[in-house]
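> Shown below is the structure under consideration.
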Amino acid sequence: MTPRRQRMIFVAVLLLGVGVAAGLALMALGENMLYFFSPSQIRSGEAPTGQTLRVGGLVVDGTVKRGDGLAVRFDLSDGAHAVTVHYTGILPDLFREGQGIVAMGRLGPDGSFQAQEVLAKHDENYMPPEVAEALKMAREGGSMANPHGPK
Amino acid sequence: MIAELGHFALILALCLSAVQAVIPLVGAARGIVAWQAVAGPAAQAQFVFVAVSFAALTWSFVESDFSVLYVASNSNTDLPLFYRVSAVWGAHEGSMLLWMLILSGWGFAVSIASRSLPFSFRARVLGILGLVSIGFGLFILITSNPFERLLPPAIEGRDLNPLLQDPGMIIHPPLLYMGYVGLSVPFAFACAALLDGRLNAAWTRWTRPWTTVAWVFLTLGIAIGSWWAYNELGWGGWWFWDPVENASFMPWLVATALLHSLAVTEQRGAFRAWTVLLAIFGFSLSLLGTFLVRSGVLVSVHAFATDPARGVFILSFLAIVIGGALGLFAWRAPRVSGGGQFDYLSRETLLLVNNVLLVVASGAILLGTLYPLLHDALGLGKLSVGPPYFNSIFVPLMIPVALLVGIGPLVRWKADTVGAVAARVRWAVVATIVATVALALLGAAETMGLLAAIALALWVTFSTLSGVWQRLRNRRDRIGALGTLPRAFVGMTLAHLGIAVFVVGVAGVTVLSSEKDVRLGTGESTELGGYRFTLVGVAEVPGPNYRAIRGEIQVHQGEERVALLHPEKRFYPIQAQPMTEAAIYQRLTGDLYVALGDQVGDGAWAVRVHEKAFVRWIWAGCLLMSLGGALAAADRRYRPERARVPAAAAGSRA
């Protein structure tokens, strides 16, 4: 086999591998993107129902209510609007009233949020950047970038 | 005073790294031997001064000198001594100093162990390492000075992040950095070869052990990070596809590809330009990882601080290093490329496929890691890419790698025939099928996926062992001949068997594990996986710098008590932070893992119980891989006195 032919094979194998992987990656990426919404966006109906998404804000004081077993619900606010989050399970160590958190789950038809996962970060002063931006936007009366872009 | 000494030593080290970079590189370009001779002493002196600086910071921690801002922010007089020492790298500034220490340490090691290298080549290697040192030295002194004073001094420190108060955290960063920064050595070798215009078998024989050692550290560092997350984060997960984990995993994949590509370059002289490119990519990904972790663009337990100046600095540094190296590559690669020819069916081809798959996997992870950042930067909104993306792309790419891993060593270099390869693998095929069917009949397979994973692990094991058999079959005293196998070959065999162990662990923990969150009052119990967990009681116990609530949980299987577990909920008053300390009963076939959640009224507690099947096999597999790497790096042919033996004498080792 000539070196030239060998190089061509090398390049062909490489391109084939990269091509297949790029196809797989884009497909998988499309299926697994989780968009972030602020409570205001959810209130204004920007967020799709029945699709996994993330919502972030501050846990409103006095809204954390325990139910049967490990069920819990609380309100999440960006200062302008609030959305009620339902969750069953163990909350993270740093979950408390007034803390900025991010919840991942689905929006129900009644406008409440069913969380599969609740995240709080391990730092007293820490605020998830999405939450910080959502709070800022709500304060300034603007709106966050629409994840679905201009239609 | 001590802190100023440390600061001053660091400035001197920066000056020395400038000397180490400029004079030898100019000397090598101009052919001035006296200038080239500066490289070694400069690298050694630089290491000494960085070590003095590091020792000064450590001393400030040991003595709890809270007039140093960094110490006051990350330590406390109640913190036990070993955590005061490990707190040195518990946050951004100190971990960058550790990075610098390790970088100059690798430079020191190269300068000591490279006496048999051609003189101008050695000067270039150390010069390139000096250039990297300049970048990091400037970064620390300009944006992240750990010796900054706090006036007036704090009376008490703010304590180390409780998450980092764990034995795993003492060793995880140094090991990971040894690996990360160790990739700077093959990078420097690659750049030096490009500058030199020569890339021969001696070059690869020089680069291989350094790459292997860096890879061993990287493997251990990642494995211990995973083990720490499992123990300390309280979720019972071992890998999260967190951007910071990805940042360490991408260089690992590329370094693994580099190890195999170097084997081809050494044995057959092929893939030269590719090998050089991989060496550049490996270190570039290490730097990219640093950028991702340190710039604050990521949200993670690792993202210590958000300071845009740091991000801009590292990004510029990244652009200079990657751009410079790739520019050098484009300019000089034609000089070093070329090499041996090979047939379609040959070990070269299989290693090429291995390389493509590993690099593509690394690229896919890069895409998933950077995509949210790009999306946000373009103002398209915030999103995150979840673990399903990484699993759905990584697993299909790694299955062919595992299928080929045992065959590769059974195929000859240059050219082979299908019949000959089939004859060599047939026993492995038969053994795999028989063992898989036997296990399926015994009921080991809960799902088809698990059965497939077991078959894959068995295949890796049997085909790898076939490779050993091929080495021994023509020997008279086969048992005795085992001891005479070259270490590189034994190392490769162990590392490949490590993959099999790892696959069993991943499949077991994914398919067979179960978990639930329950509410338990005192005396109440819950069933999981045939075990009964009973909350006996909860008591308050004091710790050195925390208060803990310790639960006592009995685990019974039938009437027999299997384990007594003590999960804790700790509260660190200085950082006002609660921490879950899981209790784990460890066994080879799976862990029983219990964590305390919140108190949910009436003396009842939220309790998380897991049964984690085969989880230890994951880390055992990584340990086997590291052990294999360490053995391979210790092979006799890498010893300096053997460096001049012709490549042919080394035989067909990979």
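By convention in this document, the chains of the structure tokens carry letters A, B, ... by their order, each chain's residues are numbered from 1, and ligands are numbered from 1 in the order they are shown.
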Please identify every residue of chain B that has at least one atom no more than 6 Å from any atom of chain A, counting only C-alpha atoms, and report them as a ChimeraX atom specification.
/B:380-386,389,517,519,578,597
> Can you pull out the residues contacting stretch 432-446 of chain B? Cut-off 7 Å, using only C-alpha atoms, and skip same-chain residues under 5 positions away; I want them as a ChimeraX atom specification.
/B:451,455,458-459,462
> So what do you get for atom CA of B:Ala28 versus atom CA of B:Leu194, distance-wise?
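Going from atom CA of B:Ala28 over to atom CA of B:Leu194, I get 12.8 Å.
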> Between B:Gly40, B:Gly449, B:Pro186, B:Gly6, which is the closest to B:Thr275 once you count only C-alpha atoms?
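Nearest candidate to B:Thr275 out of B:Gly40, B:Gly449, B:Pro186, B:Gly6: B:Pro186.
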> Which one of A:Asp61, A:Asp110, A:Asp75, A:Glu117 sits closest to A:Gly45 if you count only C-alpha atoms?
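Using only C-alpha atoms, A:Gly45 sits closest to A:Asp110.
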